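Here is query_27.pdb, consisting of PDB, C-alpha atoms:
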```pdb
ATOM      1  CA  MET A   1     133.297 164.344 199.823
ATOM      2  CA  GLU A   2     136.646 162.721 200.417
ATOM      3  CA  HIS A   3     139.534 165.243 200.615
ATOM      4  CA  LEU A   4     137.194 168.127 201.477
ATOM      5  CA  GLY A   5     139.625 169.194 204.211
ATOM      6  CA  TYR A   6     142.442 169.634 201.681
ATOM      7  CA  LEU A   7     140.204 171.688 199.422
ATOM      8  CA  PHE A   8     139.079 173.862 202.321
ATOM      9  CA  ALA A   9     142.668 174.323 203.527
ATOM     10  CA  ALA A  10     143.956 175.336 200.077
ATOM     11  CA  TYR A  11     141.251 177.934 199.429
ATOM     12  CA  SER A  12     141.393 179.274 203.001
ATOM     13  CA  ILE A  13     145.172 179.773 202.854
ATOM     14  CA  ILE A  14     144.970 181.477 199.444
ATOM     15  CA  PHE A  15     142.339 183.983 200.601
ATOM     16  CA  ALA A  16     143.974 184.516 204.016
ATOM     17  CA  VAL A  17     147.366 185.338 202.461
ATOM     18  CA  ILE A  18     145.813 187.655 199.862
ATOM     19  CA  PHE A  19     143.870 189.398 202.638
ATOM     20  CA  LEU A  20     147.071 189.787 204.697
ATOM     21  CA  TYR A  21     148.927 191.198 201.694
ATOM     22  CA  VAL A  22     146.162 193.753 201.075
ATOM     23  CA  LEU A  23     146.314 194.636 204.785
ATOM     24  CA  PHE A  24     150.091 195.038 204.532
ATOM     25  CA  ILE A  25     149.690 197.398 201.542
ATOM     26  CA  TRP A  26     146.973 199.336 203.355
ATOM     27  CA  ARG A  27     149.129 199.795 206.479
ATOM     28  CA  ARG A  28     152.122 200.882 204.419
ATOM     29  CA  GLN A  29     149.889 203.409 202.670
ATOM     30  CA  ALA A  30     148.818 204.819 206.036
ATOM     31  CA  ALA A  31     152.479 205.117 207.109
ATOM     32  CA  LEU A  32     153.357 206.804 203.797
ATOM     33  CA  ASP A  33     150.476 209.269 204.182
ATOM     34  CA  ALA A  34     151.703 210.189 207.670
ATOM     35  CA  GLU A  35     155.262 210.634 206.383
ATOM     36  CA  LEU A  36     154.014 212.766 203.500
ATOM     37  CA  ARG A  37     152.072 215.024 205.882
ATOM     38  CA  THR A  38     155.258 215.491 207.975
ATOM     39  CA  LEU A  39     157.269 216.397 204.884
ATOM     40  CA  GLU A  40     154.597 218.817 203.686
ATOM     41  CA  ALA A  41     154.519 220.486 207.094
ATOM     42  CA  ARG A  42     158.311 220.828 207.062
ATOM     43  CA  MET A  43     158.173 222.253 203.537
ATOM     44  CA  ALA A  44     155.460 224.733 204.534
ATOM     45  CA  ALA A  45     157.439 225.806 207.611
ATOM     46  CA  LEU A  46     160.513 226.259 205.476
ATOM     47  CA  ASN A  47     158.607 228.333 202.926
ATOM     48  CA  GLU A  48     157.223 230.552 205.689
ATOM     49  CA  SER A  49     160.635 231.191 207.229
ATOM     50  CA  SER A  50     162.383 231.706 203.895
ATOM     51  CA  PRO A  51     160.252 231.678 200.713
ATOM     52  CA  ALA A  52     163.325 231.626 198.455
ATOM     53  CA  ALA A  53     164.905 228.679 200.265
ATOM     54  CA  GLY A  54     161.772 226.543 200.048
ATOM     55  CA  SER A  55     161.728 226.634 196.266
ATOM     56  CA  SER A  56     165.378 225.784 195.766
ATOM     57  CA  GLU A  57     166.160 222.753 193.582
ATOM     58  CA  PRO A  58     168.558 220.042 194.736
ATOM     59  CA  ARG A  59     171.988 220.245 193.183
ATOM     60  CA  THR A  60     172.692 217.460 190.771
ATOM     61  CA  ASP A  61     176.404 218.168 190.290
ATOM     62  CA  ILE A  62     177.514 216.690 193.620
TER
ATOM     63  CA  MET B   1     142.345 208.993 186.722
ATOM     64  CA  ASN B   2     144.596 206.555 188.597
ATOM     65  CA  SER B   3     142.123 206.166 191.438
ATOM     66  CA  ALA B   4     139.293 205.507 188.939
ATOM     67  CA  ILE B   5     141.331 202.711 187.309
ATOM     68  CA  ARG B   6     142.342 201.369 190.731
ATOM     69  CA  ASN B   7     138.733 201.316 192.007
ATOM     70  CA  GLY B   8     137.476 199.858 188.725
ATOM     71  CA  LEU B   9     140.033 197.070 188.935
ATOM     72  CA  GLY B  10     139.119 196.428 192.565
ATOM     73  CA  TYR B  11     135.403 196.027 191.798
ATOM     74  CA  THR B  12     136.144 193.936 188.686
ATOM     75  CA  THR B  13     138.341 191.656 190.788
ATOM     76  CA  LEU B  14     135.612 191.254 193.399
ATOM     77  CA  ALA B  15     132.947 190.402 190.789
ATOM     78  CA  LEU B  16     135.214 187.961 188.938
ATOM     79  CA  MET B  17     136.346 186.291 192.166
ATOM     80  CA  ILE B  18     132.735 185.713 193.266
ATOM     81  CA  ALA B  19     131.959 184.263 189.809
ATOM     82  CA  ALA B  20     135.080 182.067 189.987
ATOM     83  CA  LEU B  21     134.125 180.693 193.417
ATOM     84  CA  PHE B  22     130.581 180.007 192.241
ATOM     85  CA  MET B  23     131.854 178.131 189.188
ATOM     86  CA  VAL B  24     134.409 176.100 191.171
ATOM     87  CA  PHE B  25     132.010 175.012 193.912
ATOM     88  CA  ASP B  26     128.662 174.875 192.107
ATOM     89  CA  TYR B  27     129.153 174.597 188.353
ATOM     90  CA  VAL B  28     132.158 172.563 187.315
ATOM     91  CA  PRO B  29     132.069 168.751 187.688
ATOM     92  CA  PRO B  30     134.928 167.221 189.713
ATOM     93  CA  GLU B  31     137.430 165.162 187.795
ATOM     94  CA  ALA B  32     136.554 161.430 187.773
ATOM     95  CA  GLU B  33     139.765 160.026 189.319
ATOM     96  CA  GLN B  34     140.860 162.767 191.721
ATOM     97  CA  GLY B  35     137.424 163.821 192.933
ATOM     98  CA  ILE B  36     136.976 167.021 194.887
ATOM     99  CA  ALA B  37     140.707 167.613 195.464
ATOM    100  CA  GLN B  38     141.092 168.411 191.750
ATOM    101  CA  LEU B  39     139.117 171.637 192.348
ATOM    102  CA  ILE B  40     142.366 173.106 193.748
ATOM    103  CA  PHE B  41     143.569 173.084 190.139
ATOM    104  CA  TYR B  42     141.280 176.029 189.252
ATOM    105  CA  PHE B  43     143.216 178.351 191.576
ATOM    106  CA  HIS B  44     146.612 176.614 191.321
ATOM    107  CA  VAL B  45     147.012 177.262 187.578
ATOM    108  CA  PRO B  46     145.922 180.958 187.674
ATOM    109  CA  LEU B  47     148.321 181.498 190.613
ATOM    110  CA  ALA B  48     151.143 180.105 188.467
ATOM    111  CA  TRP B  49     150.106 182.298 185.513
ATOM    112  CA  VAL B  50     150.126 185.555 187.510
ATOM    113  CA  ALA B  51     153.386 184.630 189.256
ATOM    114  CA  PHE B  52     155.085 184.031 185.879
ATOM    115  CA  ALA B  53     153.572 187.227 184.446
ATOM    116  CA  SER B  54     154.955 189.149 187.449
ATOM    117  CA  PHE B  55     158.415 187.723 186.959
ATOM    118  CA  GLY B  56     158.235 188.623 183.263
ATOM    119  CA  ILE B  57     157.461 192.215 184.249
ATOM    120  CA  VAL B  58     160.388 192.198 186.717
ATOM    121  CA  ALA B  59     162.705 191.256 183.842
ATOM    122  CA  ILE B  60     161.237 193.796 181.396
ATOM    123  CA  ALA B  61     161.416 196.530 184.044
ATOM    124  CA  GLY B  62     165.007 195.484 184.801
ATOM    125  CA  ILE B  63     165.987 195.805 181.138
ATOM    126  CA  PHE B  64     164.411 199.267 180.905
ATOM    127  CA  TYR B  65     166.000 200.343 184.187
ATOM    128  CA  LEU B  66     169.473 199.306 183.013
ATOM    129  CA  TRP B  67     168.834 201.012 179.678
ATOM    130  CA  LEU B  68     167.170 204.261 180.771
ATOM    131  CA  GLY B  69     168.106 204.497 184.469
ATOM    132  CA  ASP B  70     164.639 205.828 185.307
ATOM    133  CA  GLN B  71     163.487 205.154 188.887
ATOM    134  CA  LEU B  72     160.004 204.347 187.564
ATOM    135  CA  TRP B  73     161.245 201.052 186.110
ATOM    136  CA  ASP B  74     162.959 200.097 189.348
ATOM    137  CA  ASP B  75     159.736 200.749 191.266
ATOM    138  CA  LEU B  76     157.767 198.660 188.751
ATOM    139  CA  GLY B  77     160.258 195.789 189.024
ATOM    140  CA  TYR B  78     160.177 195.858 192.813
ATOM    141  CA  ALA B  79     156.362 195.918 192.911
ATOM    142  CA  ALA B  80     156.135 193.063 190.384
ATOM    143  CA  ALA B  81     158.703 190.946 192.270
ATOM    144  CA  GLU B  82     156.795 191.361 195.527
ATOM    145  CA  THR B  83     153.376 190.492 194.073
ATOM    146  CA  GLY B  84     154.974 187.682 192.072
ATOM    147  CA  MET B  85     156.432 186.183 195.234
ATOM    148  CA  VAL B  86     153.060 186.295 197.003
ATOM    149  CA  PHE B  87     151.419 184.412 194.117
ATOM    150  CA  CYS B  88     154.357 182.038 193.589
ATOM    151  CA  THR B  89     154.319 181.084 197.287
ATOM    152  CA  LEU B  90     150.550 180.507 197.157
ATOM    153  CA  MET B  91     150.954 178.431 193.997
ATOM    154  CA  ILE B  92     153.513 176.187 195.718
ATOM    155  CA  VAL B  93     151.416 175.884 198.895
ATOM    156  CA  ALA B  94     148.205 175.111 196.943
ATOM    157  CA  GLY B  95     150.089 172.578 194.815
ATOM    158  CA  SER B  96     151.518 170.938 197.896
ATOM    159  CA  ILE B  97     148.064 170.618 199.490
ATOM    160  CA  TRP B  98     146.732 169.145 196.246
ATOM    161  CA  ALA B  99     149.680 166.715 196.061
ATOM    162  CA  LYS B 100     149.060 165.202 199.503
ATOM    163  CA  PRO B 101     145.782 163.360 198.743
ATOM    164  CA  ILE B 102     146.763 162.567 195.120
ATOM    165  CA  TRP B 103     150.453 161.661 195.366
ATOM    166  CA  GLY B 104     150.458 160.764 199.057
ATOM    167  CA  THR B 105     153.152 163.312 199.874
ATOM    168  CA  TRP B 106     153.306 167.061 200.466
ATOM    169  CA  TRP B 107     156.455 167.453 198.394
ATOM    170  CA  THR B 108     158.660 165.492 196.040
ATOM    171  CA  TRP B 109     161.800 166.550 194.155
ATOM    172  CA  ASP B 110     160.071 166.212 190.832
ATOM    173  CA  SER B 111     161.488 168.284 187.929
ATOM    174  CA  ARG B 112     158.655 170.822 187.887
ATOM    175  CA  LEU B 113     158.566 171.204 191.658
ATOM    176  CA  THR B 114     162.338 171.530 191.855
ATOM    177  CA  THR B 115     162.592 174.146 189.087
ATOM    178  CA  THR B 116     159.698 176.068 190.667
ATOM    179  CA  PHE B 117     161.444 175.960 194.043
ATOM    180  CA  ILE B 118     164.633 177.337 192.409
ATOM    181  CA  LEU B 119     162.523 180.133 190.885
ATOM    182  CA  TRP B 120     161.026 180.902 194.298
ATOM    183  CA  LEU B 121     164.512 180.981 195.879
ATOM    184  CA  MET B 122     165.833 183.399 193.262
ATOM    185  CA  TYR B 123     163.022 185.890 193.844
ATOM    186  CA  CYS B 124     163.488 185.430 197.592
ATOM    187  CA  GLY B 125     167.053 186.566 196.950
ATOM    188  CA  TYR B 126     165.739 189.536 194.962
ATOM    189  CA  LEU B 127     163.466 190.671 197.797
ATOM    190  CA  MET B 128     166.159 190.036 200.435
ATOM    191  CA  LEU B 129     168.556 192.196 198.434
ATOM    192  CA  ARG B 130     165.969 194.981 198.315
ATOM    193  CA  ALA B 131     165.134 194.658 202.000
ATOM    194  CA  SER B 132     168.667 194.423 203.354
ATOM    195  CA  ALA B 133     170.255 197.316 201.436
ATOM    196  CA  ASP B 134     169.444 200.984 201.001
ATOM    197  CA  ASP B 135     167.658 202.112 197.861
ATOM    198  CA  THR B 136     170.772 203.129 195.987
ATOM    199  CA  PRO B 137     171.177 203.010 192.193
ATOM    200  CA  GLN B 138     173.782 200.250 192.657
ATOM    201  CA  VAL B 139     171.313 198.008 194.534
ATOM    202  CA  ALA B 140     168.680 198.765 191.904
ATOM    203  CA  ARG B 141     171.108 197.696 189.153
ATOM    204  CA  PHE B 142     171.984 194.452 190.992
ATOM    205  CA  ALA B 143     168.281 193.750 191.464
ATOM    206  CA  ALA B 144     167.577 194.459 187.777
ATOM    207  CA  VAL B 145     170.265 191.979 186.702
ATOM    208  CA  LEU B 146     168.993 189.369 189.179
ATOM    209  CA  GLY B 147     165.435 189.842 187.887
ATOM    210  CA  ILE B 148     166.584 189.341 184.297
ATOM    211  CA  VAL B 149     168.620 186.218 185.134
ATOM    212  CA  ALA B 150     165.909 184.690 187.355
ATOM    213  CA  VAL B 151     163.198 184.914 184.688
ATOM    214  CA  LEU B 152     165.198 182.456 182.535
ATOM    215  CA  ASP B 153     163.936 179.755 184.896
ATOM    216  CA  VAL B 154     160.287 180.408 183.943
ATOM    217  CA  PRO B 155     160.420 178.683 180.501
ATOM    218  CA  ILE B 156     162.359 175.823 182.157
ATOM    219  CA  VAL B 157     159.547 175.416 184.725
ATOM    220  CA  ILE B 158     156.938 175.418 181.961
ATOM    221  CA  ALA B 159     158.856 172.959 179.744
ATOM    222  CA  SER B 160     160.014 170.716 182.609
ATOM    223  CA  VAL B 161     157.021 168.352 182.346
ATOM    224  CA  ARG B 162     157.990 167.567 178.759
ATOM    225  CA  LEU B 163     161.771 167.661 179.131
ATOM    226  CA  TRP B 164     162.145 165.275 182.052
ATOM    227  CA  ARG B 165     160.354 162.332 183.645
ATOM    228  CA  THR B 166     157.818 163.758 186.049
ATOM    229  CA  ILE B 167     154.731 162.880 188.020
ATOM    230  CA  HIS B 168     153.343 166.412 187.683
ATOM    231  CA  PRO B 169     150.357 166.342 185.302
ATOM    232  CA  ALA B 170     150.630 168.234 182.013
ATOM    233  CA  VAL B 171     147.000 169.317 181.983
ATOM    234  CA  LEU B 172     147.003 172.414 179.800
ATOM    235  CA  VAL B 173     149.210 171.050 177.018
ATOM    236  CA  THR B 174     149.550 167.282 177.193
ATOM    237  CA  LYS B 175     152.407 165.276 175.730
ATOM    238  CA  GLN B 176     150.027 164.067 173.018
ATOM    239  CA  GLY B 177     148.990 167.646 172.198
ATOM    240  CA  GLY B 178     145.698 169.330 173.010
ATOM    241  CA  HIS B 179     144.585 169.856 176.599
ATOM    242  CA  GLY B 180     143.523 167.515 179.360
ATOM    243  CA  LEU B 181     140.241 169.253 180.219
ATOM    244  CA  GLU B 182     137.575 167.065 178.670
ATOM    245  CA  ASP B 183     134.447 168.847 179.856
ATOM    246  CA  PRO B 184     133.768 172.322 178.360
ATOM    247  CA  ARG B 185     132.627 173.447 181.823
ATOM    248  CA  MET B 186     136.165 172.794 183.088
ATOM    249  CA  VAL B 187     137.597 175.063 180.379
ATOM    250  CA  ALA B 188     135.028 177.801 181.127
ATOM    251  CA  THR B 189     135.764 177.647 184.866
ATOM    252  CA  LEU B 190     139.494 177.804 184.293
ATOM    253  CA  MET B 191     139.043 180.852 182.011
ATOM    254  CA  VAL B 192     136.974 182.697 184.628
ATOM    255  CA  CYS B 193     139.509 181.836 187.345
ATOM    256  CA  LEU B 194     142.340 183.054 185.105
ATOM    257  CA  ALA B 195     140.456 186.326 184.514
ATOM    258  CA  ALA B 196     139.778 186.730 188.257
ATOM    259  CA  PHE B 197     143.413 186.232 189.233
ATOM    260  CA  THR B 198     144.670 188.425 186.403
ATOM    261  CA  ALA B 199     142.416 191.243 187.646
ATOM    262  CA  LEU B 200     143.505 190.654 191.258
ATOM    263  CA  TRP B 201     147.161 190.659 190.234
ATOM    264  CA  ALA B 202     146.787 193.849 188.168
ATOM    265  CA  TRP B 203     145.015 195.547 191.093
ATOM    266  CA  LEU B 204     147.645 194.554 193.673
ATOM    267  CA  LEU B 205     150.505 195.389 191.312
ATOM    268  CA  MET B 206     149.012 198.817 190.644
ATOM    269  CA  LEU B 207     148.493 199.511 194.370
ATOM    270  CA  ARG B 208     152.056 198.536 195.234
ATOM    271  CA  PHE B 209     153.568 200.311 192.224
ATOM    272  CA  MET B 210     151.753 203.568 193.022
ATOM    273  CA  GLN B 211     152.905 203.242 196.621
ATOM    274  CA  LEU B 212     156.541 202.809 195.573
ATOM    275  CA  ARG B 213     156.230 205.781 193.198
ATOM    276  CA  THR B 214     154.948 207.897 196.092
ATOM    277  CA  ARG B 215     157.857 206.736 198.253
ATOM    278  CA  SER B 216     160.363 207.646 195.528
ATOM    279  CA  ARG B 217     158.816 211.100 195.102
ATOM    280  CA  MET B 218     158.903 211.588 198.867
ATOM    281  CA  GLY B 219     162.596 210.726 198.823
ATOM    282  CA  THR B 220     163.120 213.486 196.246
ATOM    283  CA  LEU B 221     161.034 215.884 198.363
ATOM    284  CA  ALA B 222     163.113 215.043 201.456
ATOM    285  CA  VAL B 223     166.288 215.853 199.506
ATOM    286  CA  ARG B 224     164.772 219.169 198.401
ATOM    287  CA  ILE B 225     163.909 220.012 202.006
ATOM    288  CA  ALA B 226     167.421 219.121 203.134
ATOM    289  CA  PHE B 227     168.917 221.395 200.457
ATOM    290  CA  ALA B 228     166.444 224.157 201.273
ATOM    291  CA  ASN B 229     167.409 223.857 204.952
ATOM    292  CA  ALA B 230     171.086 224.056 204.049
ATOM    293  CA  ALA B 231     170.419 227.092 201.819
ATOM    294  CA  ALA B 232     168.463 228.773 204.637
ATOM    295  CA  SER B 233     171.325 228.111 207.104
ATOM    296  CA  ASP B 234     173.901 229.507 204.659
ATOM    297  CA  SER B 235     171.920 232.706 204.121
ATOM    298  CA  LYS B 236     171.790 233.431 207.894
TER
END
```
Just give me the structure of the file as structure tokens.
Amino acid sequence: MEHLGYLFAAYSIIFAVIFLYVLFIWRRQAALDAELRTLEARMAALNESSPAAGSSEPRTDI
Amino acid sequence: MNSAIRNGLGYTTLALMIAALFMVFDYVPPEAEQGIAQLIFYFHVPLAWVAFASFGIVAIAGIFYLWLGDQLWDDLGYAAAETGMVFCTLMIVAGSIWAKPIWGTWWTWDSRLTTTFILWLMYCGYLMLRASADDTPQVARFAAVLGIVAVLDVPIVIASVRLWRTIHPAVLVTKQGGHGLEDPRMVATLMVCLAAFTALWAWLLMLRFMQLRTRSRMGTLAVRIAFANAAASDSK
């Protein structure tokens, strides 16, 4: 069982980093969901105040 | 549909990873000379494979972005570069830990290690470019070109063990031809590990790509809101 420590270290680091990356993706997703809810609320408020304005398309000629 | 594929990939990854761990620690015999440290090989090689596959996708996405100018390709390239860097870093770290008991050093400027380090640096540059600048079409074009240029190092990394004098083992394709895995159980274990990491990579790439697509669409929505606000102000 010589070098068991190296084996343990390699596999531990691999799984720890993958876990951290999944966590990073998960947290970004939560932040994106929150941002999306804010945008949707702003869009809904805009549609309520002026239904025509809310459906306007962005200009592409500028 | 997307969530079904995403969940399916997630469960497939989990099942394959459990099978891979079982095979590495309970099924495959350790190599005669290196002993238990050689078991790092079964994750080191799949990490290299998925890192190279990621960088290939970065280049393909870069070509399509420069050709078509569609944001989708830029998002795919960015997602692939990020996942590729995670796996490339882990490949280098795992290789370094394996090198210590076998070579007696954590790192040496061997041809394969050096070319891999150059590859890692180039994709570091790619991610730094994306992180330090706004998401403008100009930055996306620079990143696409960098992704295409950087991938040219991948065949050099692969061929380096045959092109130059090296202490890195050429296990999969030896200099004499054939492969260096004598026991069929070693081949089976490597195949399962390759499948597990391919599934993990596909799952992570899909998660990150879908996230970047959402972010791009939100950017478009924010522009629409800004224009709608401006239109509402003008009409008052």
If the ChimeraX specification (/A :<7) & /B is run on the structure shown, which residues does it catch, given as a list in words?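 In the shown coordinates, the ChimeraX specification (/A :<7) & /B covers Ile36, Ala37, Ile40, Leu90, Ala94, Ile97, Trp98, Pro101, Arg208, Gln211, Met218, Ala222, Val223, Arg224, Ile225, Phe227, Ala228, Ala231 and Ala232 of chain B.
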What separation in Å, quoted to one decimal, exists between atom CA of B:Ile18 and atom CA of B:Ala51? 21.1 Å
B:Ser3: which residues within 12 Å, counting only C-alpha atoms, same-chain residues fewer than 6 positions away excluded, as a PyMOL selection string? chain B and resi 9-10+203+206-207+210
Written as an mmCIF file with C-alpha atoms, in the frame of the given file, what is the full residue list that the PyMOL selection byres ((chain B and resi 135-152) around 10) yields on the file shown?
```
data_model
loop_
_atom_site.group_PDB
_atom_site.id
_atom_site.type_symbol
_atom_site.label_atom_id
_atom_site.label_comp_id
_atom_site.auth_asym_id
_atom_site.auth_seq_id
_atom_site.Cartn_x
_atom_site.Cartn_y
_atom_site.Cartn_z
ATOM 1 C CA PHE B 52 155.085 184.031 185.879
ATOM 2 C CA ALA B 53 153.572 187.227 184.446
ATOM 3 C CA SER B 54 154.955 189.149 187.449
ATOM 4 C CA PHE B 55 158.415 187.723 186.959
ATOM 5 C CA GLY B 56 158.235 188.623 183.263
ATOM 6 C CA ILE B 57 157.461 192.215 184.249
ATOM 7 C CA VAL B 58 160.388 192.198 186.717
ATOM 8 C CA ALA B 59 162.705 191.256 183.842
ATOM 9 C CA ILE B 60 161.237 193.796 181.396
ATOM 10 C CA ALA B 61 161.416 196.530 184.044
ATOM 11 C CA GLY B 62 165.007 195.484 184.801
ATOM 12 C CA ILE B 63 165.987 195.805 181.138
ATOM 13 C CA PHE B 64 164.411 199.267 180.905
ATOM 14 C CA TYR B 65 166.000 200.343 184.187
ATOM 15 C CA LEU B 66 169.473 199.306 183.013
ATOM 16 C CA GLY B 69 168.106 204.497 184.469
ATOM 17 C CA ASP B 70 164.639 205.828 185.307
ATOM 18 C CA GLN B 71 163.487 205.154 188.887
ATOM 19 C CA TRP B 73 161.245 201.052 186.110
ATOM 20 C CA ASP B 74 162.959 200.097 189.348
ATOM 21 C CA ASP B 75 159.736 200.749 191.266
ATOM 22 C CA GLY B 77 160.258 195.789 189.024
ATOM 23 C CA TYR B 78 160.177 195.858 192.813
ATOM 24 C CA ALA B 81 158.703 190.946 192.270
ATOM 25 C CA ILE B 118 164.633 177.337 192.409
ATOM 26 C CA LEU B 119 162.523 180.133 190.885
ATOM 27 C CA TRP B 120 161.026 180.902 194.298
ATOM 28 C CA LEU B 121 164.512 180.981 195.879
ATOM 29 C CA MET B 122 165.833 183.399 193.262
ATOM 30 C CA TYR B 123 163.022 185.890 193.844
ATOM 31 C CA GLY B 125 167.053 186.566 196.950
ATOM 32 C CA TYR B 126 165.739 189.536 194.962
ATOM 33 C CA LEU B 127 163.466 190.671 197.797
ATOM 34 C CA MET B 128 166.159 190.036 200.435
ATOM 35 C CA LEU B 129 168.556 192.196 198.434
ATOM 36 C CA ARG B 130 165.969 194.981 198.315
ATOM 37 C CA ALA B 131 165.134 194.658 202.000
ATOM 38 C CA SER B 132 168.667 194.423 203.354
ATOM 39 C CA ALA B 133 170.255 197.316 201.436
ATOM 40 C CA ASP B 134 169.444 200.984 201.001
ATOM 41 C CA ASP B 153 163.936 179.755 184.896
ATOM 42 C CA VAL B 154 160.287 180.408 183.943
ATOM 43 C CA PRO B 155 160.420 178.683 180.501
ATOM 44 C CA ILE B 156 162.359 175.823 182.157
ATOM 45 C CA VAL B 157 159.547 175.416 184.725
ATOM 46 C CA SER B 216 160.363 207.646 195.528
#
```
Hey, which of B:Leu72, B:Ala4, B:Leu204, B:Leu221 ends up closest to A:Leu23? Count only C-alpha atoms. B:Leu204
Given the file above and the PyMOL selection byres ((chain B and resi 199) around 9), which residues are selected, and can you give them as a PDB file with C-alpha atoms, keeping the file's coordinate frame?
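Below you can see part.pdb, which holds the result:
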```
ATOM      1  CA  LEU B   9     140.033 197.070 188.935  1.00  0.00           C
ATOM      2  CA  GLY B  10     139.119 196.428 192.565  1.00  0.00           C
ATOM      3  CA  THR B  12     136.144 193.936 188.686  1.00  0.00           C
ATOM      4  CA  THR B  13     138.341 191.656 190.788  1.00  0.00           C
ATOM      5  CA  LEU B  14     135.612 191.254 193.399  1.00  0.00           C
ATOM      6  CA  LEU B  16     135.214 187.961 188.938  1.00  0.00           C
ATOM      7  CA  LEU B 194     142.340 183.054 185.105  1.00  0.00           C
ATOM      8  CA  ALA B 195     140.456 186.326 184.514  1.00  0.00           C
ATOM      9  CA  ALA B 196     139.778 186.730 188.257  1.00  0.00           C
ATOM     10  CA  PHE B 197     143.413 186.232 189.233  1.00  0.00           C
ATOM     11  CA  THR B 198     144.670 188.425 186.403  1.00  0.00           C
ATOM     12  CA  LEU B 200     143.505 190.654 191.258  1.00  0.00           C
ATOM     13  CA  TRP B 201     147.161 190.659 190.234  1.00  0.00           C
ATOM     14  CA  ALA B 202     146.787 193.849 188.168  1.00  0.00           C
ATOM     15  CA  TRP B 203     145.015 195.547 191.093  1.00  0.00           C
ATOM     16  CA  LEU B 204     147.645 194.554 193.673  1.00  0.00           C
TER      17      LEU B 204
END
```
